[in-house]
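Here is the structure we will look at.
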Amino acid sequence: MEDTGFDNVARALGSLTTRRLTLGALLGGAIGRLGLADAKAKKRKKSKKGKETETTKPWCHCPDGNPTTCVTLDLTKKARRRHQQDHPFDTPGACEPFTCPVGQTDCAGICHDLQTDESNCGACGASCGAAQGCCNGVCRNLNTDEANCGACGNTCAVGQTCCSGVCKNLQADPANCGTCGAVCAAPTVICLAGDCCKPPTFACAAPGADATCCSGVCLPAIAMIPFPHCA
């Protein structure tokens with residue numbers, strides 16, 4: 001049976017429809033792939049941005065080594081390396097609150113023991129003078145203080161005096177007789193009861209009262225000691 005003109009038209013229309021559907025499907029697939037690729041690119045960009053945020057970590061930046069000036073920064077790994085190279089006092093992690101050890105006080109960012117520090121005795125900036133020591137937060141003269149002679153807490157015994165940081169008995173010390181630094185001219189004299197005097201058998205001026213003799217008495221010469229001598 002021969003094809004009619006109607007059949008030819010139908011086949012032409014069917015072929016045209018099929019081509020349109022095919023072309024539409026291809027275009028739709030391409031657009032879909034483009035949309036998917038764009039979504040993936042956005043996701044990667046977002047992921048990359050989020051990853052960069054995750055790599056920043058707290059960093060304690062101390063520009064001059066003074067704990068009171070340290071600040072916490074959020075830095076990337078590259079920035080942390082740069083800071084560590086340029087600022088040797090920096091440390092990883094957040095800065096800890098600055099506190100001095102027990103018994104010490106913060107004086108301008110430096111911890112000091114106000115009980116013993118001669119430059120900060122009892123208070124920040126309170127400096128002791130020459131020959132003084134900081135004893136329990138008070139400046140003491142270690143050369144003359146019997147309770148802190150030569151060193152804090154070194155107490156002289158009863159009857160002793162602190163002379164140039166050393167405990168001395170002024171009643172019997174020929175180098176500090178009566179007062180610190182008063183020297184008796186040994187060996188011809190001794191220190192007795194805080195006075196320099198001549199012991200028995202040493203020459204004196206004339207028989208009778210003699211203040212230079214330890215006994216205060218000058219005896220006349222005798223056979224065994226042929227000159228006036230102290231009793």
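To be explicit about the labels: the chains of the structure tokens are called A, B, and onward in the order shown, and within each one the residues are counted from 1, while ligands get numbers from 1 in the order they are shown.
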Exercise. Write out as a VMD selection string which residues come within 12 Å of segment 165-177 of chain A when counting only C-alpha atoms, dropping same-chain ones fewer than 3 positions away.
Key: chain A and resid 131 to 133 140 to 152 154 to 162 180 to 198
Where does DSSP see strand (DSSP E) in segment 33-207 of chain A, if you list the residues as a PDB file with all heavy atoms, in the first residue's frame?
```pdb
ATOM      1  N   LYS A  57      44.654  30.314  65.333  1.00  0.00           N
ATOM      2  CA  LYS A  57      44.698  29.869  66.722  1.00  0.00           C
ATOM      3  C   LYS A  57      45.138  31.020  67.621  1.00  0.00           C
ATOM      4  O   LYS A  57      45.792  31.965  67.160  1.00  0.00           O
ATOM      5  CB  LYS A  57      45.678  28.706  66.869  1.00  0.00           C
ATOM      6  CG  LYS A  57      45.236  27.434  66.159  1.00  0.00           C
ATOM      7  CD  LYS A  57      46.231  26.301  66.402  1.00  0.00           C
ATOM      8  CE  LYS A  57      45.797  25.025  65.701  1.00  0.00           C
ATOM      9  NZ  LYS A  57      46.755  23.922  65.932  1.00  0.00           N
ATOM     10  N   PRO A  58      44.784  30.952  68.904  1.00  0.00           N
ATOM     11  CA  PRO A  58      45.200  32.026  69.824  1.00  0.00           C
ATOM     12  C   PRO A  58      46.708  32.044  70.010  1.00  0.00           C
ATOM     13  O   PRO A  58      47.353  31.000  70.048  1.00  0.00           O
ATOM     14  CB  PRO A  58      44.473  31.682  71.129  1.00  0.00           C
ATOM     15  CG  PRO A  58      44.173  30.225  71.032  1.00  0.00           C
ATOM     16  CD  PRO A  58      43.950  29.942  69.583  1.00  0.00           C
ATOM     17  N   TRP A  59      47.245  33.234  70.124  1.00  0.00           N
ATOM     18  CA  TRP A  59      48.691  33.433  70.225  1.00  0.00           C
ATOM     19  C   TRP A  59      48.946  34.573  71.209  1.00  0.00           C
ATOM     20  O   TRP A  59      48.370  35.652  71.096  1.00  0.00           O
ATOM     21  CB  TRP A  59      49.263  33.762  68.853  1.00  0.00           C
ATOM     22  CG  TRP A  59      50.744  33.909  68.797  1.00  0.00           C
ATOM     23  CD1 TRP A  59      51.469  35.047  68.826  1.00  0.00           C
ATOM     24  CD2 TRP A  59      51.694  32.839  68.700  1.00  0.00           C
ATOM     25  NE1 TRP A  59      52.813  34.773  68.758  1.00  0.00           N
ATOM     26  CE2 TRP A  59      52.979  33.421  68.678  1.00  0.00           C
ATOM     27  CE3 TRP A  59      51.588  31.460  68.638  1.00  0.00           C
ATOM     28  CZ2 TRP A  59      54.144  32.669  68.590  1.00  0.00           C
ATOM     29  CZ3 TRP A  59      52.751  30.723  68.547  1.00  0.00           C
ATOM     30  CH2 TRP A  59      53.998  31.314  68.520  1.00  0.00           C
ATOM     31  N   CYS A  60      49.818  34.333  72.196  1.00  0.00           N
ATOM     32  CA  CYS A  60      50.121  35.360  73.206  1.00  0.00           C
ATOM     33  C   CYS A  60      51.279  36.225  72.699  1.00  0.00           C
ATOM     34  O   CYS A  60      52.421  35.769  72.642  1.00  0.00           O
ATOM     35  CB  CYS A  60      50.468  34.713  74.543  1.00  0.00           C
ATOM     36  SG  CYS A  60      50.686  35.917  75.883  1.00  0.00           S
ATOM     37  N   HIS A  61      50.959  37.444  72.312  1.00  0.00           N
ATOM     38  CA  HIS A  61      51.955  38.366  71.744  1.00  0.00           C
ATOM     39  C   HIS A  61      52.486  39.297  72.833  1.00  0.00           C
ATOM     40  O   HIS A  61      51.744  40.067  73.444  1.00  0.00           O
ATOM     41  CB  HIS A  61      51.308  39.187  70.624  1.00  0.00           C
ATOM     42  CG  HIS A  61      52.184  40.261  70.077  1.00  0.00           C
ATOM     43  ND1 HIS A  61      53.477  40.019  69.640  1.00  0.00           N
ATOM     44  CD2 HIS A  61      51.967  41.591  69.893  1.00  0.00           C
ATOM     45  CE1 HIS A  61      54.006  41.148  69.214  1.00  0.00           C
ATOM     46  NE2 HIS A  61      53.115  42.123  69.357  1.00  0.00           N
ATOM     47  N   VAL A  71      49.223  40.556  74.810  1.00  0.00           N
ATOM     48  CA  VAL A  71      47.843  40.514  74.339  1.00  0.00           C
ATOM     49  C   VAL A  71      47.640  39.230  73.542  1.00  0.00           C
ATOM     50  O   VAL A  71      48.556  38.709  72.924  1.00  0.00           O
ATOM     51  CB  VAL A  71      47.513  41.736  73.452  1.00  0.00           C
ATOM     52  CG1 VAL A  71      47.502  43.008  74.275  1.00  0.00           C
ATOM     53  CG2 VAL A  71      48.490  41.861  72.295  1.00  0.00           C
ATOM     54  N   THR A  72      46.403  38.727  73.560  1.00  0.00           N
ATOM     55  CA  THR A  72      46.072  37.506  72.828  1.00  0.00           C
ATOM     56  C   THR A  72      45.583  37.861  71.433  1.00  0.00           C
ATOM     57  O   THR A  72      44.689  38.695  71.266  1.00  0.00           O
ATOM     58  CB  THR A  72      44.979  36.714  73.570  1.00  0.00           C
ATOM     59  OG1 THR A  72      45.458  36.354  74.870  1.00  0.00           O
ATOM     60  CG2 THR A  72      44.628  35.447  72.810  1.00  0.00           C
ATOM     61  N   LEU A  73      46.184  37.230  70.418  1.00  0.00           N
ATOM     62  CA  LEU A  73      45.813  37.444  69.022  1.00  0.00           C
ATOM     63  C   LEU A  73      45.389  36.113  68.404  1.00  0.00           C
ATOM     64  O   LEU A  73      45.869  35.052  68.802  1.00  0.00           O
ATOM     65  CB  LEU A  73      46.998  38.018  68.232  1.00  0.00           C
ATOM     66  CG  LEU A  73      47.630  39.315  68.752  1.00  0.00           C
ATOM     67  CD1 LEU A  73      48.848  39.649  67.909  1.00  0.00           C
ATOM     68  CD2 LEU A  73      46.637  40.460  68.730  1.00  0.00           C
ATOM     69  N   ASP A  74      44.476  36.174  67.407  1.00  0.00           N
ATOM     70  CA  ASP A  74      44.107  34.996  66.632  1.00  0.00           C
ATOM     71  C   ASP A  74      44.868  35.055  65.315  1.00  0.00           C
ATOM     72  O   ASP A  74      44.590  35.902  64.457  1.00  0.00           O
ATOM     73  CB  ASP A  74      42.598  34.964  66.376  1.00  0.00           C
ATOM     74  CG  ASP A  74      41.822  34.588  67.625  1.00  0.00           C
ATOM     75  OD1 ASP A  74      42.330  33.757  68.398  1.00  0.00           O
ATOM     76  OD2 ASP A  74      40.723  35.119  67.825  1.00  0.00           O
ATOM     77  N   LEU A  75      45.841  34.159  65.145  1.00  0.00           N
ATOM     78  CA  LEU A  75      46.732  34.220  63.992  1.00  0.00           C
ATOM     79  C   LEU A  75      46.749  32.908  63.230  1.00  0.00           C
ATOM     80  O   LEU A  75      46.537  31.830  63.809  1.00  0.00           O
ATOM     81  CB  LEU A  75      48.162  34.547  64.453  1.00  0.00           C
ATOM     82  CG  LEU A  75      48.357  35.849  65.242  1.00  0.00           C
ATOM     83  CD1 LEU A  75      49.802  35.960  65.679  1.00  0.00           C
ATOM     84  CD2 LEU A  75      47.943  37.044  64.421  1.00  0.00           C
ATOM     85  N   THR A  91      54.369  33.382  72.975  1.00  0.00           N
ATOM     86  CA  THR A  91      54.149  31.980  73.321  1.00  0.00           C
ATOM     87  C   THR A  91      52.834  31.510  72.711  1.00  0.00           C
ATOM     88  O   THR A  91      51.898  32.309  72.549  1.00  0.00           O
ATOM     89  CB  THR A  91      54.096  31.774  74.850  1.00  0.00           C
ATOM     90  OG1 THR A  91      53.096  32.649  75.404  1.00  0.00           O
ATOM     91  CG2 THR A  91      55.438  32.077  75.483  1.00  0.00           C
ATOM     92  N   PRO A  92      52.726  30.227  72.370  1.00  0.00           N
ATOM     93  CA  PRO A  92      51.468  29.708  71.827  1.00  0.00           C
ATOM     94  C   PRO A  92      50.360  29.758  72.873  1.00  0.00           C
ATOM     95  O   PRO A  92      50.603  29.693  74.073  1.00  0.00           O
ATOM     96  CB  PRO A  92      51.823  28.263  71.456  1.00  0.00           C
ATOM     97  CG  PRO A  92      53.320  28.216  71.401  1.00  0.00           C
ATOM     98  CD  PRO A  92      53.794  29.223  72.384  1.00  0.00           C
ATOM     99  N   THR A 105      55.373  40.925  94.797  1.00  0.00           N
ATOM    100  CA  THR A 105      54.483  41.997  94.366  1.00  0.00           C
ATOM    101  C   THR A 105      54.887  42.487  92.985  1.00  0.00           C
ATOM    102  O   THR A 105      56.073  42.569  92.665  1.00  0.00           O
ATOM    103  CB  THR A 105      54.536  43.176  95.368  1.00  0.00           C
ATOM    104  OG1 THR A 105      54.171  42.691  96.670  1.00  0.00           O
ATOM    105  CG2 THR A 105      53.577  44.279  94.970  1.00  0.00           C
ATOM    106  N   ASP A 106      53.885  42.806  92.175  1.00  0.00           N
ATOM    107  CA  ASP A 106      54.130  43.314  90.829  1.00  0.00           C
ATOM    108  C   ASP A 106      54.526  44.788  90.897  1.00  0.00           C
ATOM    109  O   ASP A 106      53.722  45.646  91.275  1.00  0.00           O
ATOM    110  CB  ASP A 106      52.857  43.143  89.988  1.00  0.00           C
ATOM    111  CG  ASP A 106      52.999  43.740  88.597  1.00  0.00           C
ATOM    112  OD1 ASP A 106      54.125  44.084  88.224  1.00  0.00           O
ATOM    113  OD2 ASP A 106      51.970  43.856  87.896  1.00  0.00           O
ATOM    114  N   CYS A 107      55.770  45.080  90.557  1.00  0.00           N
ATOM    115  CA  CYS A 107      56.257  46.462  90.501  1.00  0.00           C
ATOM    116  C   CYS A 107      56.610  46.775  89.054  1.00  0.00           C
ATOM    117  O   CYS A 107      57.661  46.346  88.557  1.00  0.00           O
ATOM    118  CB  CYS A 107      57.478  46.652  91.403  1.00  0.00           C
ATOM    119  SG  CYS A 107      57.168  46.404  93.170  1.00  0.00           S
ATOM    120  N   ILE A 110      57.374  43.674  86.994  1.00  0.00           N
ATOM    121  CA  ILE A 110      58.415  42.775  87.497  1.00  0.00           C
ATOM    122  C   ILE A 110      58.078  42.407  88.937  1.00  0.00           C
ATOM    123  O   ILE A 110      57.732  43.276  89.742  1.00  0.00           O
ATOM    124  CB  ILE A 110      59.804  43.428  87.428  1.00  0.00           C
ATOM    125  CG1 ILE A 110      60.135  43.816  85.980  1.00  0.00           C
ATOM    126  CG2 ILE A 110      60.875  42.491  87.965  1.00  0.00           C
ATOM    127  CD1 ILE A 110      61.437  44.549  85.820  1.00  0.00           C
ATOM    128  N   CYS A 111      58.196  41.125  89.244  1.00  0.00           N
ATOM    129  CA  CYS A 111      57.855  40.647  90.591  1.00  0.00           C
ATOM    130  C   CYS A 111      59.028  40.864  91.543  1.00  0.00           C
ATOM    131  O   CYS A 111      60.171  40.543  91.217  1.00  0.00           O
ATOM    132  CB  CYS A 111      57.487  39.168  90.544  1.00  0.00           C
ATOM    133  SG  CYS A 111      56.004  38.830  89.555  1.00  0.00           S
ATOM    134  N   HIS A 112      58.714  41.419  92.713  1.00  0.00           N
ATOM    135  CA  HIS A 112      59.738  41.670  93.731  1.00  0.00           C
ATOM    136  C   HIS A 112      59.227  41.209  95.093  1.00  0.00           C
ATOM    137  O   HIS A 112      58.033  41.289  95.379  1.00  0.00           O
ATOM    138  CB  HIS A 112      60.088  43.162  93.813  1.00  0.00           C
ATOM    139  CG  HIS A 112      60.756  43.706  92.590  1.00  0.00           C
ATOM    140  ND1 HIS A 112      62.100  43.531  92.333  1.00  0.00           N
ATOM    141  CD2 HIS A 112      60.265  44.417  91.542  1.00  0.00           C
ATOM    142  CE1 HIS A 112      62.412  44.120  91.196  1.00  0.00           C
ATOM    143  NE2 HIS A 112      61.317  44.657  90.694  1.00  0.00           N
ATOM    144  N   GLN A 132      72.741  49.607 103.917  1.00  0.00           N
ATOM    145  CA  GLN A 132      71.473  49.162 104.489  1.00  0.00           C
ATOM    146  C   GLN A 132      70.993  47.902 103.788  1.00  0.00           C
ATOM    147  O   GLN A 132      71.285  47.661 102.614  1.00  0.00           O
ATOM    148  CB  GLN A 132      70.407  50.255 104.356  1.00  0.00           C
ATOM    149  CG  GLN A 132      70.616  51.442 105.280  1.00  0.00           C
ATOM    150  CD  GLN A 132      69.448  52.387 105.246  1.00  0.00           C
ATOM    151  OE1 GLN A 132      68.791  52.567 104.226  1.00  0.00           O
ATOM    152  NE2 GLN A 132      69.170  53.021 106.373  1.00  0.00           N
ATOM    153  N   GLY A 133      70.264  47.110 104.560  1.00  0.00           N
ATOM    154  CA  GLY A 133      69.640  45.908 104.012  1.00  0.00           C
ATOM    155  C   GLY A 133      68.155  45.964 104.273  1.00  0.00           C
ATOM    156  O   GLY A 133      67.696  46.650 105.188  1.00  0.00           O
ATOM    157  N   CYS A 134      67.391  45.260 103.423  1.00  0.00           N
ATOM    158  CA  CYS A 134      65.937  45.216 103.602  1.00  0.00           C
ATOM    159  C   CYS A 134      65.601  44.029 104.479  1.00  0.00           C
ATOM    160  O   CYS A 134      65.700  42.877 104.055  1.00  0.00           O
ATOM    161  CB  CYS A 134      65.249  45.104 102.242  1.00  0.00           C
ATOM    162  SG  CYS A 134      63.448  45.184 102.335  1.00  0.00           S
ATOM    163  N   CYS A 135      65.222  44.297 105.708  1.00  0.00           N
ATOM    164  CA  CYS A 135      64.926  43.242 106.682  1.00  0.00           C
ATOM    165  C   CYS A 135      63.447  43.291 107.032  1.00  0.00           C
ATOM    166  O   CYS A 135      62.989  44.254 107.678  1.00  0.00           O
ATOM    167  CB  CYS A 135      65.776  43.426 107.937  1.00  0.00           C
ATOM    168  SG  CYS A 135      67.558  43.457 107.615  1.00  0.00           S
ATOM    169  N   VAL A 138      61.783  46.513 106.026  1.00  0.00           N
ATOM    170  CA  VAL A 138      62.275  47.753 106.634  1.00  0.00           C
ATOM    171  C   VAL A 138      63.769  47.869 106.367  1.00  0.00           C
ATOM    172  O   VAL A 138      64.518  46.899 106.533  1.00  0.00           O
ATOM    173  CB  VAL A 138      62.005  47.778 108.156  1.00  0.00           C
ATOM    174  CG1 VAL A 138      62.523  49.067 108.770  1.00  0.00           C
ATOM    175  CG2 VAL A 138      60.515  47.621 108.438  1.00  0.00           C
ATOM    176  N   CYS A 139      64.224  49.051 105.975  1.00  0.00           N
ATOM    177  CA  CYS A 139      65.648  49.263 105.733  1.00  0.00           C
ATOM    178  C   CYS A 139      66.390  49.360 107.063  1.00  0.00           C
ATOM    179  O   CYS A 139      66.014  50.155 107.935  1.00  0.00           O
ATOM    180  CB  CYS A 139      65.862  50.543 104.924  1.00  0.00           C
ATOM    181  SG  CYS A 139      65.233  50.461 103.227  1.00  0.00           S
ATOM    182  N   ARG A 140      67.427  48.548 107.207  1.00  0.00           N
ATOM    183  CA  ARG A 140      68.218  48.536 108.441  1.00  0.00           C
ATOM    184  C   ARG A 140      69.690  48.755 108.101  1.00  0.00           C
ATOM    185  O   ARG A 140      70.169  48.289 107.072  1.00  0.00           O
ATOM    186  CB  ARG A 140      68.074  47.187 109.158  1.00  0.00           C
ATOM    187  CG  ARG A 140      66.645  46.825 109.542  1.00  0.00           C
ATOM    188  CD  ARG A 140      66.114  47.696 110.655  1.00  0.00           C
ATOM    189  NE  ARG A 140      64.808  47.245 111.115  1.00  0.00           N
ATOM    190  CZ  ARG A 140      64.074  47.882 112.029  1.00  0.00           C
ATOM    191  NH1 ARG A 140      64.547  49.016 112.576  1.00  0.00           N
ATOM    192  NH2 ARG A 140      62.907  47.418 112.394  1.00  0.00           N
ATOM    193  N   ASN A 141      70.391  49.453 109.013  1.00  0.00           N
ATOM    194  CA  ASN A 141      71.828  49.667 108.846  1.00  0.00           C
ATOM    195  C   ASN A 141      72.558  48.442 109.362  1.00  0.00           C
ATOM    196  O   ASN A 141      72.663  48.228 110.575  1.00  0.00           O
ATOM    197  CB  ASN A 141      72.285  50.922 109.596  1.00  0.00           C
ATOM    198  CG  ASN A 141      73.703  51.312 109.215  1.00  0.00           C
ATOM    199  OD1 ASN A 141      74.528  50.468 108.865  1.00  0.00           O
ATOM    200  ND2 ASN A 141      74.000  52.597 109.279  1.00  0.00           N
ATOM    201  N   THR A 161      78.231  45.015 120.781  1.00  0.00           N
ATOM    202  CA  THR A 161      77.829  46.134 119.921  1.00  0.00           C
ATOM    203  C   THR A 161      78.193  45.807 118.480  1.00  0.00           C
ATOM    204  O   THR A 161      79.195  45.137 118.218  1.00  0.00           O
ATOM    205  CB  THR A 161      78.544  47.437 120.364  1.00  0.00           C
ATOM    206  OG1 THR A 161      78.215  47.710 121.721  1.00  0.00           O
ATOM    207  CG2 THR A 161      78.113  48.608 119.496  1.00  0.00           C
ATOM    208  N   CYS A 162      77.371  46.255 117.558  1.00  0.00           N
ATOM    209  CA  CYS A 162      77.627  46.008 116.134  1.00  0.00           C
ATOM    210  C   CYS A 162      78.579  47.069 115.607  1.00  0.00           C
ATOM    211  O   CYS A 162      78.231  48.247 115.485  1.00  0.00           O
ATOM    212  CB  CYS A 162      76.311  46.031 115.357  1.00  0.00           C
ATOM    213  SG  CYS A 162      76.484  45.555 113.619  1.00  0.00           S
ATOM    214  N   CYS A 163      79.793  46.655 115.285  1.00  0.00           N
ATOM    215  CA  CYS A 163      80.818  47.559 114.748  1.00  0.00           C
ATOM    216  C   CYS A 163      81.158  47.130 113.325  1.00  0.00           C
ATOM    217  O   CYS A 163      81.734  46.054 113.115  1.00  0.00           O
ATOM    218  CB  CYS A 163      82.081  47.515 115.612  1.00  0.00           C
ATOM    219  SG  CYS A 163      81.836  48.078 117.318  1.00  0.00           S
ATOM    220  N   VAL A 166      80.028  43.672 112.503  1.00  0.00           N
ATOM    221  CA  VAL A 166      80.549  42.562 113.312  1.00  0.00           C
ATOM    222  C   VAL A 166      80.254  42.859 114.787  1.00  0.00           C
ATOM    223  O   VAL A 166      80.477  43.978 115.255  1.00  0.00           O
ATOM    224  CB  VAL A 166      82.064  42.367 113.105  1.00  0.00           C
ATOM    225  CG1 VAL A 166      82.577  41.193 113.922  1.00  0.00           C
ATOM    226  CG2 VAL A 166      82.375  42.145 111.617  1.00  0.00           C
ATOM    227  N   CYS A 167      79.772  41.855 115.481  1.00  0.00           N
ATOM    228  CA  CYS A 167      79.474  42.031 116.907  1.00  0.00           C
ATOM    229  C   CYS A 167      80.773  42.047 117.718  1.00  0.00           C
ATOM    230  O   CYS A 167      81.596  41.125 117.603  1.00  0.00           O
ATOM    231  CB  CYS A 167      78.571  40.898 117.397  1.00  0.00           C
ATOM    232  SG  CYS A 167      76.925  40.883 116.621  1.00  0.00           S
ATOM    233  N   LYS A 168      80.967  43.099 118.549  1.00  0.00           N
ATOM    234  CA  LYS A 168      82.188  43.254 119.331  1.00  0.00           C
ATOM    235  C   LYS A 168      81.841  43.567 120.800  1.00  0.00           C
ATOM    236  O   LYS A 168      80.842  44.217 121.094  1.00  0.00           O
ATOM    237  CB  LYS A 168      83.042  44.393 118.773  1.00  0.00           C
ATOM    238  CG  LYS A 168      83.548  44.177 117.347  1.00  0.00           C
ATOM    239  CD  LYS A 168      84.563  43.041 117.267  1.00  0.00           C
ATOM    240  CE  LYS A 168      85.138  42.900 115.865  1.00  0.00           C
ATOM    241  NZ  LYS A 168      86.150  41.815 115.789  1.00  0.00           N
ATOM    242  N   ILE A 190      96.040  47.017 127.166  1.00  0.00           N
ATOM    243  CA  ILE A 190      94.883  46.153 126.921  1.00  0.00           C
ATOM    244  C   ILE A 190      93.614  46.966 127.132  1.00  0.00           C
ATOM    245  O   ILE A 190      93.657  48.102 127.611  1.00  0.00           O
ATOM    246  CB  ILE A 190      94.894  44.931 127.866  1.00  0.00           C
ATOM    247  CG1 ILE A 190      94.783  45.392 129.336  1.00  0.00           C
ATOM    248  CG2 ILE A 190      96.122  44.069 127.631  1.00  0.00           C
ATOM    249  CD1 ILE A 190      94.609  44.238 130.298  1.00  0.00           C
ATOM    250  N   CYS A 191      92.486  46.376 126.724  1.00  0.00           N
ATOM    251  CA  CYS A 191      91.189  47.025 126.936  1.00  0.00           C
ATOM    252  C   CYS A 191      90.541  46.373 128.149  1.00  0.00           C
ATOM    253  O   CYS A 191      90.256  45.177 128.163  1.00  0.00           O
ATOM    254  CB  CYS A 191      90.306  46.860 125.709  1.00  0.00           C
ATOM    255  SG  CYS A 191      88.690  47.661 125.849  1.00  0.00           S
ATOM    256  N   LEU A 192      90.320  47.171 129.188  1.00  0.00           N
ATOM    257  CA  LEU A 192      89.712  46.664 130.419  1.00  0.00           C
ATOM    258  C   LEU A 192      88.559  47.576 130.795  1.00  0.00           C
ATOM    259  O   LEU A 192      88.740  48.780 130.979  1.00  0.00           O
ATOM    260  CB  LEU A 192      90.740  46.614 131.542  1.00  0.00           C
ATOM    261  CG  LEU A 192      90.231  46.073 132.880  1.00  0.00           C
ATOM    262  CD1 LEU A 192      89.870  44.590 132.754  1.00  0.00           C
ATOM    263  CD2 LEU A 192      91.279  46.268 133.975  1.00  0.00           C
ATOM    264  N   ASP A 195      88.268  50.695 128.739  1.00  0.00           N
ATOM    265  CA  ASP A 195      89.352  51.671 128.705  1.00  0.00           C
ATOM    266  C   ASP A 195      90.653  50.987 128.318  1.00  0.00           C
ATOM    267  O   ASP A 195      90.925  49.851 128.711  1.00  0.00           O
ATOM    268  CB  ASP A 195      89.526  52.329 130.073  1.00  0.00           C
ATOM    269  CG  ASP A 195      88.377  53.257 130.411  1.00  0.00           C
ATOM    270  OD1 ASP A 195      87.919  53.983 129.499  1.00  0.00           O
ATOM    271  OD2 ASP A 195      87.909  53.242 131.571  1.00  0.00           O
ATOM    272  N   CYS A 196      91.488  51.713 127.567  1.00  0.00           N
ATOM    273  CA  CYS A 196      92.818  51.216 127.231  1.00  0.00           C
ATOM    274  C   CYS A 196      93.742  51.508 128.424  1.00  0.00           C
ATOM    275  O   CYS A 196      93.818  52.648 128.900  1.00  0.00           O
ATOM    276  CB  CYS A 196      93.355  51.929 125.991  1.00  0.00           C
ATOM    277  SG  CYS A 196      92.453  51.541 124.471  1.00  0.00           S
ATOM    278  N   CYS A 197      94.437  50.503 128.931  1.00  0.00           N
ATOM    279  CA  CYS A 197      95.322  50.701 130.081  1.00  0.00           C
ATOM    280  C   CYS A 197      96.478  49.708 130.041  1.00  0.00           C
ATOM    281  O   CYS A 197      96.458  48.746 129.262  1.00  0.00           O
ATOM    282  CB  CYS A 197      94.546  50.566 131.388  1.00  0.00           C
ATOM    283  SG  CYS A 197      93.770  48.951 131.611  1.00  0.00           S
TER     284      CYS A 197
END
```
Exercise. Using atom CA of Val102 of chain A and atom CA of Ala123 of chain A as the two end points, give the distance in Å to one decimal.
Key: 15.8 Å
Quiz item: Quick one: of A:Cys62, A:Ala108, A:Ala223, A:Cys70, who's nearest to Asp90 of chain A, counting only C-alpha atoms?
Solution: A:Cys62
